[in-house]
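Data first, discussion second: the structure below is written as structure tokens.
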There are 2 protein chains.
Amino acid sequence: MDTSISRSLAPREHVVTLLERHGVTATQQRVEVGQVLFACPQHLSADQILERVMAIGARVSKATIYNTLNLFSERGLVRTLTIDGDRQFYDPTTTPHHHFYNVDTGELTDIPADAVALSALPTPPAGTAHERVDVIIRVRST
Amino acid sequence: MDTSISRSLAPREHVVTLLERHGVTATQQRVEVGQVLFACPQHLSADQILERVMAIGARVSKATIYNTLNLFSERGLVRTLTIDGDRQFYDPTTTPHHHFYNVDTGELTDIPADAVALSALPTPPAGTAHERVDVIIRVRST
DNA sequence: TTCTATGCAAAGACTTTGCATGCTG
DNA sequence: CAGCATGCAAAGTCTTTGCATAGAA
């Protein structure tokens with residue numbers, strides 16, 4: 001088998017459709033970022049995405065990575081996660097769900113929304129309305 | 001009344017005792033940071049703390065602010081919050097509780113632990129154990 | 001005195017911005 | 001062709017680090 005670093009990519013077609021459906025012009029670089037990002041449920045940093053995009057032979061600048069990720073985030077194509085202060089992670093899963101965060105390894109794992117029973121949410125402060133609930137379960141290696 | 005910026009401070013005695021109880025040497029600067037931080041339940045950034053410490057006439061360098069906050073955090077005197085990626089907030093309330101986060105204003109508000117009913121927490125990934133659960137309810141201004 | 005804390009400035013990590021060039025429609 | 005996207009490098013933020021000096025026990 002192939003000994004080089006090869007990862008599955010989301011099909012080009014699929015990414016193009018996805019971008020268009022969100023009103024994002026499907027340029028070369030954005031599609032490549034999308035192919036990496038939407039390959040599977042995962043949590044990648046901007047740097048990791050840049051690496052992987054480079055690894056598939058595409059050339060995208062760091063600035064474009066950030067521009068693209070911010071655009072995707074605004075348009076609801078990805079969810080931006082901030083767990084520790086160091087860096088942001090981009091999560092292709094945009095449907096409601098939560099996360100395990102391993103404080104020792106930094107690893108993030110998805111938790112399906114229905115695995116956490118959140119009853120009786122408190123009333124938001126006056127003049128505000130619920131937008132989203134994030135549950136982060138910090139775990140440590142045993 | 002006093003027109004200058006004056007805020008209540010935690011009593012010096014109280015802060016000294018608190019630090020000692022956590023095995024932290026109660027130096028001049030640490031006590032001043034503590035007086036600002038432990039004045040009331042709040043969420044301050046490193047910069048805001050520096051500002052307020054300066055405002056009470058104490059002179060503390062930025063490096064010491066960060067060193068002190070990191071130390072306090074390690075020793076469990078404060079809880080470090082990372083909400084958006086921009087900066088960290090330090091929360092003097094270390095008992096379990098959750099937060100409202102206003103995505104428009106950046107404002108953080110405490111939620112008592114018992115105001116959120118979290119039943120049926122999922123099992124942590126193999127080889128890990130629960131450490132803490134954070135619930136962040138994002139709200140937007142209406 | 002002996003070890004730890006502090007200050008200052010420089011270094012570092014991550015992210016954003018400005019501007020000229022290139023691609024999209 | 002008009003306008004948005006991209007690349008590059010520089011600028012910006014927040015935070016950490018190194019080293020000499022000052023303070024605590």
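Ordering of the structure tokens sets the chain letters (A, B, ...), residue numbers begin anew at 1 in every chain, and ligands are numbered from 1 in the order given.
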
Can you provide chain B as a CSV table (one decimal) with N, CA and C atoms, in the first residue's frame, superposed onto chain A by least squares across all C-alpha atoms matched in order?
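After the write, superposed_1.csv holds the following:
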```csv
chain,number,residue,atom,x,y,z
B,1,MET,N,1.2,-1.1,-0.3
B,1,MET,CA,0.4,0.2,-0.2
B,1,MET,C,1.2,1.4,-0.2
B,2,ASP,N,0.5,2.5,-0.4
B,2,ASP,CA,1.1,3.8,-0.4
B,2,ASP,C,1.7,4.2,1.0
B,3,THR,N,3.0,4.5,1.0
B,3,THR,CA,3.6,4.8,2.3
B,3,THR,C,3.6,6.3,2.6
B,4,SER,N,3.2,7.1,1.6
B,4,SER,CA,3.1,8.5,1.8
B,4,SER,C,1.9,8.8,2.7
B,5,ILE,N,1.9,10.0,3.2
B,5,ILE,CA,0.8,10.4,4.1
B,5,ILE,C,-0.4,10.6,3.1
B,6,SER,N,-1.4,9.7,3.2
B,6,SER,CA,-2.6,9.9,2.4
B,6,SER,C,-3.8,9.8,3.3
B,7,ARG,N,-4.6,10.8,3.1
B,7,ARG,CA,-5.9,10.8,3.9
B,7,ARG,C,-7.0,10.9,2.9
B,8,SER,N,-8.1,10.4,3.4
B,8,SER,CA,-9.3,10.5,2.5
B,8,SER,C,-9.7,11.9,2.4
B,9,LEU,N,-10.3,12.3,1.3
B,9,LEU,CA,-10.8,13.7,1.1
B,9,LEU,C,-12.2,13.6,0.8
B,10,ALA,N,-12.9,14.7,1.2
B,10,ALA,CA,-14.3,14.8,0.7
B,10,ALA,C,-14.3,15.0,-0.8
B,11,PRO,N,-15.3,14.3,-1.5
B,11,PRO,CA,-15.3,14.5,-3.0
B,11,PRO,C,-15.5,15.9,-3.4
B,12,ARG,N,-14.7,16.3,-4.4
B,12,ARG,CA,-14.7,17.7,-4.9
B,12,ARG,C,-16.2,18.2,-5.2
B,13,GLU,N,-16.9,17.3,-5.9
B,13,GLU,CA,-18.3,17.7,-6.2
B,13,GLU,C,-19.1,18.1,-5.0
B,14,HIS,N,-19.0,17.2,-4.0
B,14,HIS,CA,-19.8,17.4,-2.8
B,14,HIS,C,-19.4,18.7,-2.1
B,15,VAL,N,-18.1,19.1,-2.1
B,15,VAL,CA,-17.7,20.3,-1.5
B,15,VAL,C,-18.2,21.5,-2.3
B,16,VAL,N,-18.1,21.4,-3.6
B,16,VAL,CA,-18.6,22.5,-4.4
B,16,VAL,C,-20.0,22.8,-4.2
B,17,THR,N,-20.8,21.7,-4.1
B,17,THR,CA,-22.3,21.9,-3.9
B,17,THR,C,-22.5,22.5,-2.5
B,18,LEU,N,-21.8,22.0,-1.5
B,18,LEU,CA,-21.9,22.5,-0.2
B,18,LEU,C,-21.6,24.0,-0.1
B,19,LEU,N,-20.5,24.5,-0.7
B,19,LEU,CA,-20.2,25.9,-0.7
B,19,LEU,C,-21.2,26.7,-1.4
B,20,GLU,N,-21.7,26.2,-2.6
B,20,GLU,CA,-22.7,27.0,-3.3
B,20,GLU,C,-24.0,27.2,-2.5
B,21,ARG,N,-24.3,26.1,-1.9
B,21,ARG,CA,-25.5,26.1,-1.1
B,21,ARG,C,-25.5,27.1,0.0
B,22,HIS,N,-24.3,27.5,0.4
B,22,HIS,CA,-24.1,28.5,1.5
B,22,HIS,C,-23.7,29.8,1.0
B,23,GLY,N,-23.8,30.0,-0.3
B,23,GLY,CA,-23.5,31.3,-0.9
B,23,GLY,C,-22.1,31.6,-0.9
B,24,VAL,N,-21.2,30.6,-1.0
B,24,VAL,CA,-19.8,30.9,-1.0
B,24,VAL,C,-19.2,30.5,-2.4
B,25,THR,N,-18.6,31.4,-3.0
B,25,THR,CA,-18.0,31.1,-4.3
B,25,THR,C,-17.0,29.9,-4.2
B,26,ALA,N,-17.2,28.9,-5.0
B,26,ALA,CA,-16.3,27.7,-4.9
B,26,ALA,C,-15.0,27.9,-5.7
B,27,THR,N,-14.1,28.6,-5.1
B,27,THR,CA,-12.8,28.8,-5.7
B,27,THR,C,-11.9,27.6,-5.5
B,28,GLN,N,-10.9,27.5,-6.2
B,28,GLN,CA,-9.9,26.4,-6.1
B,28,GLN,C,-9.5,26.1,-4.6
B,29,GLN,N,-9.0,27.2,-4.0
B,29,GLN,CA,-8.5,27.0,-2.6
B,29,GLN,C,-9.6,26.7,-1.6
B,30,ARG,N,-10.7,27.3,-1.8
B,30,ARG,CA,-11.8,27.0,-0.8
B,30,ARG,C,-12.2,25.6,-0.9
B,31,VAL,N,-12.3,25.1,-2.1
B,31,VAL,CA,-12.7,23.7,-2.3
B,31,VAL,C,-11.6,22.8,-1.7
B,32,GLU,N,-10.4,23.1,-1.9
B,32,GLU,CA,-9.3,22.2,-1.3
B,32,GLU,C,-9.4,22.2,0.2
B,33,VAL,N,-9.6,23.4,0.8
B,33,VAL,CA,-9.8,23.5,2.2
B,33,VAL,C,-11.0,22.6,2.7
B,34,GLY,N,-12.0,22.8,1.9
B,34,GLY,CA,-13.3,22.0,2.2
B,34,GLY,C,-13.0,20.5,2.1
B,35,GLN,N,-12.3,20.1,1.1
B,35,GLN,CA,-12.1,18.7,0.9
B,35,GLN,C,-11.3,18.1,2.1
B,36,VAL,N,-10.4,18.9,2.7
B,36,VAL,CA,-9.7,18.4,3.9
B,36,VAL,C,-10.6,18.4,5.1
B,37,LEU,N,-11.3,19.6,5.2
B,37,LEU,CA,-12.1,19.8,6.4
B,37,LEU,C,-13.3,18.9,6.5
B,38,PHE,N,-14.0,18.7,5.4
B,38,PHE,CA,-15.2,17.9,5.4
B,38,PHE,C,-15.0,16.4,5.1
B,39,ALA,N,-13.8,16.0,5.2
B,39,ALA,CA,-13.5,14.6,4.9
B,39,ALA,C,-14.2,13.7,5.9
B,40,CYS,N,-14.2,14.1,7.2
B,40,CYS,CA,-14.8,13.2,8.2
B,40,CYS,C,-15.0,14.1,9.4
B,41,PRO,N,-15.8,13.7,10.4
B,41,PRO,CA,-15.9,14.4,11.7
B,41,PRO,C,-14.6,14.5,12.3
B,42,GLN,N,-14.1,15.7,12.6
B,42,GLN,CA,-12.8,15.9,13.2
B,42,GLN,C,-12.6,17.3,13.7
B,43,HIS,N,-11.5,17.6,14.3
B,43,HIS,CA,-11.3,18.9,14.9
B,43,HIS,C,-9.9,19.3,14.6
B,44,LEU,N,-9.8,20.2,13.6
B,44,LEU,CA,-8.5,20.6,13.1
B,44,LEU,C,-8.2,22.1,13.4
B,45,SER,N,-6.9,22.4,13.6
B,45,SER,CA,-6.5,23.8,13.8
B,45,SER,C,-6.2,24.3,12.4
B,46,ALA,N,-6.0,25.6,12.3
B,46,ALA,CA,-5.7,26.3,11.0
B,46,ALA,C,-4.4,25.7,10.5
B,47,ASP,N,-3.4,25.5,11.3
B,47,ASP,CA,-2.2,24.9,10.9
B,47,ASP,C,-2.3,23.5,10.4
B,48,GLN,N,-3.0,22.7,11.0
B,48,GLN,CA,-3.2,21.3,10.6
B,48,GLN,C,-3.9,21.3,9.2
B,49,ILE,N,-4.8,22.2,9.0
B,49,ILE,CA,-5.5,22.3,7.8
B,49,ILE,C,-4.6,22.7,6.7
B,50,LEU,N,-3.7,23.7,7.0
B,50,LEU,CA,-2.7,24.1,6.0
B,50,LEU,C,-1.8,23.0,5.6
B,51,GLU,N,-1.3,22.3,6.6
B,51,GLU,CA,-0.5,21.1,6.4
B,51,GLU,C,-1.1,20.1,5.5
B,52,ARG,N,-2.3,19.8,5.7
B,52,ARG,CA,-3.0,18.7,5.0
B,52,ARG,C,-3.3,19.2,3.6
B,53,VAL,N,-3.6,20.5,3.4
B,53,VAL,CA,-3.9,21.0,2.1
B,53,VAL,C,-2.6,21.0,1.3
B,54,MET,N,-1.5,21.3,1.9
B,54,MET,CA,-0.2,21.3,1.2
B,54,MET,C,0.1,19.8,0.9
B,55,ALA,N,-0.2,18.9,1.8
B,55,ALA,CA,0.1,17.5,1.6
B,55,ALA,C,-0.6,16.9,0.4
B,56,ILE,N,-1.7,17.5,0.0
B,56,ILE,CA,-2.4,16.9,-1.2
B,56,ILE,C,-1.9,17.7,-2.5
B,57,GLY,N,-0.8,18.5,-2.3
B,57,GLY,CA,-0.2,19.1,-3.5
B,57,GLY,C,-0.8,20.4,-3.9
B,58,ALA,N,-1.8,20.9,-3.1
B,58,ALA,CA,-2.3,22.2,-3.4
B,58,ALA,C,-1.5,23.3,-2.7
B,59,ARG,N,-1.5,24.5,-3.3
B,59,ARG,CA,-0.7,25.6,-2.7
B,59,ARG,C,-1.7,26.7,-2.3
B,60,VAL,N,-1.8,26.9,-1.0
B,60,VAL,CA,-2.7,27.8,-0.4
B,60,VAL,C,-1.9,28.6,0.7
B,61,SER,N,-2.0,29.9,0.7
B,61,SER,CA,-1.3,30.6,1.7
B,61,SER,C,-2.0,30.6,3.0
B,62,LYS,N,-1.2,30.9,4.1
B,62,LYS,CA,-1.8,30.9,5.4
B,62,LYS,C,-2.9,31.9,5.5
B,63,ALA,N,-2.7,33.1,4.9
B,63,ALA,CA,-3.8,34.1,5.0
B,63,ALA,C,-5.1,33.6,4.4
B,64,THR,N,-5.0,32.9,3.3
B,64,THR,CA,-6.2,32.3,2.7
B,64,THR,C,-6.8,31.3,3.6
B,65,ILE,N,-6.0,30.5,4.2
B,65,ILE,CA,-6.6,29.5,5.2
B,65,ILE,C,-7.4,30.2,6.2
B,66,TYR,N,-6.9,31.2,6.8
B,66,TYR,CA,-7.6,32.0,7.8
B,66,TYR,C,-8.9,32.7,7.2
B,67,ASN,N,-8.7,33.3,6.1
B,67,ASN,CA,-9.8,34.0,5.5
B,67,ASN,C,-10.9,33.0,5.2
B,68,THR,N,-10.5,31.8,4.7
B,68,THR,CA,-11.5,30.8,4.3
B,68,THR,C,-12.2,30.2,5.5
B,69,LEU,N,-11.4,29.9,6.5
B,69,LEU,CA,-12.1,29.4,7.7
B,69,LEU,C,-13.0,30.4,8.4
B,70,ASN,N,-12.6,31.6,8.4
B,70,ASN,CA,-13.5,32.6,9.0
B,70,ASN,C,-14.8,32.8,8.2
B,71,LEU,N,-14.6,32.7,6.9
B,71,LEU,CA,-15.8,32.8,6.0
B,71,LEU,C,-16.7,31.6,6.2
B,72,PHE,N,-16.1,30.4,6.2
B,72,PHE,CA,-16.9,29.2,6.4
B,72,PHE,C,-17.7,29.3,7.8
B,73,SER,N,-17.0,29.8,8.7
B,73,SER,CA,-17.6,29.9,10.1
B,73,SER,C,-18.8,30.9,10.1
B,74,GLU,N,-18.6,32.0,9.4
B,74,GLU,CA,-19.7,33.0,9.3
B,74,GLU,C,-20.9,32.4,8.6
B,75,ARG,N,-20.6,31.7,7.5
B,75,ARG,CA,-21.7,31.1,6.7
B,75,ARG,C,-22.2,29.8,7.3
B,76,GLY,N,-21.7,29.4,8.4
B,76,GLY,CA,-22.3,28.2,9.1
B,76,GLY,C,-21.8,26.9,8.5
B,77,LEU,N,-20.7,26.9,7.7
B,77,LEU,CA,-20.2,25.7,7.2
B,77,LEU,C,-19.4,24.9,8.2
B,78,VAL,N,-18.8,25.6,9.1
B,78,VAL,CA,-18.0,24.9,10.2
B,78,VAL,C,-18.4,25.6,11.5
B,79,ARG,N,-18.0,25.0,12.5
B,79,ARG,CA,-18.2,25.6,13.9
B,79,ARG,C,-16.8,25.8,14.4
B,80,THR,N,-16.6,27.0,14.9
B,80,THR,CA,-15.3,27.3,15.5
B,80,THR,C,-15.3,27.0,17.0
B,81,LEU,N,-14.3,26.2,17.4
B,81,LEU,CA,-14.2,25.8,18.8
B,81,LEU,C,-13.0,26.4,19.5
B,82,THR,N,-13.2,27.0,20.6
B,82,THR,CA,-12.1,27.5,21.4
B,82,THR,C,-12.1,26.8,22.8
B,83,ILE,N,-11.2,26.0,23.0
B,83,ILE,CA,-11.2,25.3,24.2
B,83,ILE,C,-10.1,25.8,25.2
B,84,ASP,N,-8.9,25.7,24.9
B,84,ASP,CA,-7.9,26.4,25.6
B,84,ASP,C,-7.6,27.6,24.9
B,85,GLY,N,-6.8,28.5,25.4
B,85,GLY,CA,-6.6,29.8,24.7
B,85,GLY,C,-5.6,29.7,23.5
B,86,ASP,N,-4.9,28.6,23.4
B,86,ASP,CA,-3.9,28.6,22.4
B,86,ASP,C,-4.3,28.8,21.0
B,87,ARG,N,-5.3,28.0,20.6
B,87,ARG,CA,-5.7,28.1,19.2
B,87,ARG,C,-7.1,27.6,19.0
B,88,GLN,N,-7.7,27.9,17.9
B,88,GLN,CA,-9.0,27.6,17.6
B,88,GLN,C,-9.0,26.3,16.8
B,89,PHE,N,-10.1,25.5,17.0
B,89,PHE,CA,-10.3,24.3,16.2
B,89,PHE,C,-11.5,24.5,15.3
B,90,TYR,N,-11.5,23.9,14.2
B,90,TYR,CA,-12.6,24.0,13.3
B,90,TYR,C,-13.3,22.6,13.2
B,91,ASP,N,-14.6,22.6,13.4
B,91,ASP,CA,-15.4,21.4,13.5
B,91,ASP,C,-16.4,21.4,12.4
B,92,PRO,N,-16.3,20.4,11.5
B,92,PRO,CA,-17.2,20.3,10.3
B,92,PRO,C,-18.6,19.9,10.7
B,93,THR,N,-18.7,19.4,11.9
B,93,THR,CA,-20.1,19.0,12.3
B,93,THR,C,-20.8,20.2,12.9
B,94,THR,N,-21.8,20.7,12.2
B,94,THR,CA,-22.5,21.9,12.6
B,94,THR,C,-23.8,21.7,13.3
B,95,THR,N,-24.3,20.4,13.3
B,95,THR,CA,-25.5,20.1,14.0
B,95,THR,C,-25.1,20.1,15.5
B,96,PRO,N,-26.1,20.4,16.4
B,96,PRO,CA,-25.9,20.5,17.8
B,96,PRO,C,-25.2,19.3,18.4
B,97,HIS,N,-24.1,19.5,19.1
B,97,HIS,CA,-23.4,18.3,19.7
B,97,HIS,C,-22.5,19.0,20.7
B,98,HIS,N,-21.9,18.1,21.5
B,98,HIS,CA,-21.0,18.6,22.6
B,98,HIS,C,-19.6,17.9,22.5
B,99,HIS,N,-18.7,18.2,23.4
B,99,HIS,CA,-17.4,17.7,23.3
B,99,HIS,C,-16.7,17.2,24.6
B,100,PHE,N,-16.0,16.1,24.5
B,100,PHE,CA,-15.0,15.8,25.5
B,100,PHE,C,-13.7,16.5,25.2
B,101,TYR,N,-13.1,16.9,26.2
B,101,TYR,CA,-11.7,17.5,26.0
B,101,TYR,C,-10.8,16.9,26.9
B,102,ASN,N,-9.8,16.2,26.4
B,102,ASN,CA,-8.8,15.6,27.2
B,102,ASN,C,-7.7,16.7,27.6
B,103,VAL,N,-7.7,17.1,28.8
B,103,VAL,CA,-6.8,18.2,29.2
B,103,VAL,C,-5.3,17.7,29.2
B,104,ASP,N,-5.0,16.5,29.2
B,104,ASP,CA,-3.7,16.0,29.1
B,104,ASP,C,-3.1,16.0,27.7
B,105,THR,N,-4.0,15.5,26.8
B,105,THR,CA,-3.5,15.3,25.4
B,105,THR,C,-4.0,16.4,24.4
B,106,GLY,N,-5.0,17.2,24.9
B,106,GLY,CA,-5.6,18.2,24.0
B,106,GLY,C,-6.6,17.6,23.0
B,107,GLU,N,-6.9,16.3,23.1
B,107,GLU,CA,-7.8,15.7,22.2
B,107,GLU,C,-9.2,16.0,22.4
B,108,LEU,N,-9.9,16.2,21.3
B,108,LEU,CA,-11.3,16.6,21.3
B,108,LEU,C,-12.1,15.4,20.7
B,109,THR,N,-13.3,15.1,21.4
B,109,THR,CA,-14.1,14.0,20.9
B,109,THR,C,-15.6,14.5,20.9
B,110,ASP,N,-16.3,14.2,19.8
B,110,ASP,CA,-17.7,14.6,19.8
B,110,ASP,C,-18.6,13.8,20.7
B,111,ILE,N,-19.6,14.5,21.2
B,111,ILE,CA,-20.6,13.8,22.0
B,111,ILE,C,-22.0,14.2,21.3
B,112,PRO,N,-22.7,13.2,20.9
B,112,PRO,CA,-24.0,13.5,20.3
B,112,PRO,C,-24.9,14.3,21.2
B,113,ALA,N,-25.7,15.2,20.6
B,113,ALA,CA,-26.5,16.1,21.5
B,113,ALA,C,-27.4,15.3,22.4
B,114,ASP,N,-27.9,14.2,22.0
B,114,ASP,CA,-28.9,13.5,22.8
B,114,ASP,C,-28.2,12.6,23.9
B,115,ALA,N,-26.9,12.6,23.9
B,115,ALA,CA,-26.2,11.9,25.0
B,115,ALA,C,-26.1,12.7,26.3
B,116,VAL,N,-26.4,14.0,26.1
B,116,VAL,CA,-26.4,14.8,27.3
B,116,VAL,C,-27.8,15.4,27.6
B,117,ALA,N,-28.3,15.0,28.7
B,117,ALA,CA,-29.7,15.5,29.0
B,117,ALA,C,-29.6,16.8,29.7
B,118,LEU,N,-29.9,17.9,29.0
B,118,LEU,CA,-29.9,19.2,29.6
B,118,LEU,C,-31.3,19.7,29.9
B,119,SER,N,-31.7,19.5,31.1
B,119,SER,CA,-33.1,20.0,31.4
B,119,SER,C,-33.0,21.3,32.1
B,120,ALA,N,-34.1,22.0,32.0
B,120,ALA,CA,-34.2,23.2,32.8
B,120,ALA,C,-33.1,24.2,32.6
B,121,LEU,N,-32.9,24.7,31.4
B,121,LEU,CA,-32.0,25.8,31.1
B,121,LEU,C,-32.4,27.0,31.8
B,122,PRO,N,-31.5,27.7,32.4
B,122,PRO,CA,-31.8,29.0,33.1
B,122,PRO,C,-32.3,30.0,32.1
B,123,THR,N,-33.0,31.0,32.6
B,123,THR,CA,-33.5,32.1,31.7
B,123,THR,C,-32.3,33.0,31.4
B,124,PRO,N,-32.1,33.4,30.1
B,124,PRO,CA,-31.0,34.3,29.8
B,124,PRO,C,-31.2,35.6,30.4
B,125,PRO,N,-30.0,36.4,30.6
B,125,PRO,CA,-30.1,37.7,31.2
B,125,PRO,C,-31.1,38.6,30.4
B,126,ALA,N,-31.6,39.6,31.0
B,126,ALA,CA,-32.6,40.4,30.4
B,126,ALA,C,-32.0,41.0,29.1
B,127,GLY,N,-32.8,41.1,28.0
B,127,GLY,CA,-32.4,41.6,26.8
B,127,GLY,C,-31.6,40.7,25.9
B,128,THR,N,-31.5,39.4,26.3
B,128,THR,CA,-30.8,38.5,25.5
B,128,THR,C,-31.6,37.2,25.3
B,129,ALA,N,-31.2,36.5,24.2
B,129,ALA,CA,-31.9,35.3,23.9
B,129,ALA,C,-30.9,34.2,23.6
B,130,HIS,N,-31.3,33.0,24.0
B,130,HIS,CA,-30.4,31.8,23.7
B,130,HIS,C,-30.0,31.7,22.3
B,131,GLU,N,-28.7,31.3,22.1
B,131,GLU,CA,-28.2,31.2,20.8
B,131,GLU,C,-27.8,29.7,20.6
B,132,ARG,N,-27.0,29.2,21.6
B,132,ARG,CA,-26.5,27.9,21.5
B,132,ARG,C,-26.0,27.5,22.9
B,133,VAL,N,-26.0,26.2,23.1
B,133,VAL,CA,-25.5,25.7,24.4
B,133,VAL,C,-24.3,24.8,24.1
B,134,ASP,N,-23.2,25.1,24.7
B,134,ASP,CA,-22.0,24.2,24.5
B,134,ASP,C,-21.7,23.5,25.8
B,135,VAL,N,-21.6,22.3,25.8
B,135,VAL,CA,-21.2,21.5,27.0
B,135,VAL,C,-19.8,20.9,26.7
B,136,ILE,N,-18.8,21.2,27.5
B,136,ILE,CA,-17.5,20.7,27.4
B,136,ILE,C,-17.2,19.9,28.6
B,137,ILE,N,-17.0,18.6,28.4
B,137,ILE,CA,-16.6,17.7,29.5
B,137,ILE,C,-15.1,17.5,29.5
B,138,ARG,N,-14.5,18.1,30.5
B,138,ARG,CA,-13.0,18.0,30.6
B,138,ARG,C,-12.7,16.6,31.2
B,139,VAL,N,-11.9,15.9,30.6
B,139,VAL,CA,-11.4,14.6,31.1
B,139,VAL,C,-9.9,14.6,31.2
B,140,ARG,N,-9.4,13.7,32.0
B,140,ARG,CA,-7.9,13.5,32.1
B,140,ARG,C,-7.6,12.1,31.9
B,141,SER,N,-6.4,11.8,31.4
B,141,SER,CA,-6.0,10.4,31.2
B,141,SER,C,-5.8,9.7,32.5
B,142,THR,N,-6.1,8.5,32.6
B,142,THR,CA,-6.0,7.8,33.8
B,142,THR,C,-4.8,6.8,33.8
```

Go through chain B and collect every residue that DSSP, computed from the backbone, puts in strand (DSSP E or B); the answer should be as a PyMOL selection string. chain B and resi 44-45+79-82+88-91+97-102+108-112+117-119+128-141

Grab the residues selected above and save them as an mmCIF file, in the first residue's frame with C-alpha atoms.
```cif
data_model
loop_
_atom_site.group_PDB
_atom_site.id
_atom_site.type_symbol
_atom_site.label_atom_id
_atom_site.label_comp_id
_atom_site.auth_asym_id
_atom_site.auth_seq_id
_atom_site.Cartn_x
_atom_site.Cartn_y
_atom_site.Cartn_z
ATOM 1 C CA LEU B 44 -11.523 39.875 34.190
ATOM 2 C CA SER B 45 -8.845 39.635 31.531
ATOM 3 C CA ARG B 79 -10.573 29.403 37.246
ATOM 4 C CA THR B 80 -9.328 30.304 33.796
ATOM 5 C CA LEU B 81 -12.025 30.748 31.189
ATOM 6 C CA THR B 82 -11.494 30.664 27.470
ATOM 7 C CA GLN B 88 -8.546 34.428 28.729
ATOM 8 C CA PHE B 89 -10.722 35.516 31.579
ATOM 9 C CA TYR B 90 -10.054 34.802 35.205
ATOM 10 C CA ASP B 91 -12.959 33.825 37.402
ATOM 11 C CA HIS B 97 -20.923 26.817 38.052
ATOM 12 C CA HIS B 98 -21.604 27.674 34.436
ATOM 13 C CA HIS B 99 -21.763 30.742 32.216
ATOM 14 C CA PHE B 100 -23.875 32.816 29.932
ATOM 15 C CA TYR B 101 -21.821 34.369 27.179
ATOM 16 C CA ASN B 102 -23.248 37.264 25.221
ATOM 17 C CA LEU B 108 -19.978 36.780 30.847
ATOM 18 C CA THR B 109 -22.501 35.985 33.560
ATOM 19 C CA ASP B 110 -22.374 33.243 36.150
ATOM 20 C CA ILE B 111 -24.991 30.508 36.322
ATOM 21 C CA PRO B 112 -25.226 28.615 39.625
ATOM 22 C CA ALA B 117 -29.881 20.101 35.314
ATOM 23 C CA LEU B 118 -27.293 17.859 33.707
ATOM 24 C CA SER B 119 -28.483 14.333 33.859
ATOM 25 C CA THR B 128 -9.961 8.957 30.795
ATOM 26 C CA ALA B 129 -11.935 10.208 33.749
ATOM 27 C CA HIS B 130 -14.235 13.172 34.235
ATOM 28 C CA GLU B 131 -12.533 16.260 35.500
ATOM 29 C CA ARG B 132 -15.090 19.023 35.138
ATOM 30 C CA VAL B 133 -18.123 19.899 33.088
ATOM 31 C CA ASP B 134 -18.452 23.365 31.595
ATOM 32 C CA VAL B 135 -21.703 24.569 30.196
ATOM 33 C CA ILE B 136 -21.609 27.751 28.174
ATOM 34 C CA ILE B 137 -24.907 29.169 27.074
ATOM 35 C CA ARG B 138 -24.339 31.562 24.213
ATOM 36 C CA VAL B 139 -26.903 34.320 24.059
ATOM 37 C CA ARG B 140 -27.310 37.313 21.770
ATOM 38 C CA SER B 141 -28.768 40.717 22.469
#
```

Enter the distance from C1' of DT2 in chain C to C1' of DT16 in chain D, in Å, rounded to one decimal.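 C1' of DT2 in chain C sits 26.4 Å away from C1' of DT16 in chain D.
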
I need the residues of range 3-141 of chain A that end up classed as helix (DSSP H, G or I) by DSSP on the backbone, written out as a count of residues only. 46

Distance table requested - chain C against chain B, cut-off 10 Å, only C-alpha atoms (C1' of nucleotides): one row per qualifying residue with the closest atom pair and its distance in Å to one decimal, ordered by chain and rising residue number, as CSV.
```
residue,atom,partner,partner_atom,distance
C:DT4,C1',B:Thr25,CA,9.2
C:DA5,C1',B:Thr27,CA,7.9
C:DT6,C1',B:Thr64,CA,6.6
C:DG7,C1',B:Ser61,CA,6.1
C:DC8,C1',B:Ser61,CA,8.3
C:DC14,C1',B:Gly85,CA,9.8
C:DT15,C1',B:Asp86,CA,9.5
```

Dump as a ChimeraX atom specification the residues of chain D that approach chain A to within 8 Å, counting only C-alpha atoms (C1' of nucleotides). /D:5-7

Would you save the residues of that selection, restricted to N, CA, C and O atoms (P, O5', C5', C4', C3', O3' and C1' of nucleotides), as a PDB file, in the first residue's frame?
```
ATOM      1  P    DA D   5     -14.816  36.764  -2.532  1.00  0.00           P
ATOM      2  O5'  DA D   5     -13.408  36.294  -3.116  1.00  0.00           O
ATOM      3  C5'  DA D   5     -13.385  35.391  -4.201  1.00  0.00           C
ATOM      4  C4'  DA D   5     -11.993  34.808  -4.356  1.00  0.00           C
ATOM      5  C3'  DA D   5     -11.354  34.337  -3.062  1.00  0.00           C
ATOM      6  O3'  DA D   5     -10.630  33.156  -3.370  1.00  0.00           O
ATOM      7  C1'  DA D   5     -10.028  36.045  -4.025  1.00  0.00           C
ATOM      8  P    DT D   6      -9.712  32.488  -2.313  1.00  0.00           P
ATOM      9  O5'  DT D   6      -8.307  33.123  -2.698  1.00  0.00           O
ATOM     10  C5'  DT D   6      -7.752  32.841  -3.973  1.00  0.00           C
ATOM     11  C4'  DT D   6      -6.297  33.270  -4.026  1.00  0.00           C
ATOM     12  C3'  DT D   6      -5.441  32.804  -2.844  1.00  0.00           C
ATOM     13  O3'  DT D   6      -4.307  32.138  -3.371  1.00  0.00           O
ATOM     14  C1'  DT D   6      -5.218  35.158  -3.186  1.00  0.00           C
ATOM     15  P    DG D   7      -3.297  31.391  -2.406  1.00  0.00           P
ATOM     16  O5'  DG D   7      -2.108  32.439  -2.366  1.00  0.00           O
ATOM     17  C5'  DG D   7      -1.467  32.793  -3.580  1.00  0.00           C
ATOM     18  C4'  DG D   7      -0.353  33.793  -3.305  1.00  0.00           C
ATOM     19  C3'  DG D   7       0.568  33.408  -2.144  1.00  0.00           C
ATOM     20  O3'  DG D   7       1.902  33.614  -2.581  1.00  0.00           O
ATOM     21  C1'  DG D   7      -0.376  35.564  -1.761  1.00  0.00           C
TER      22       DG D   7
END
```
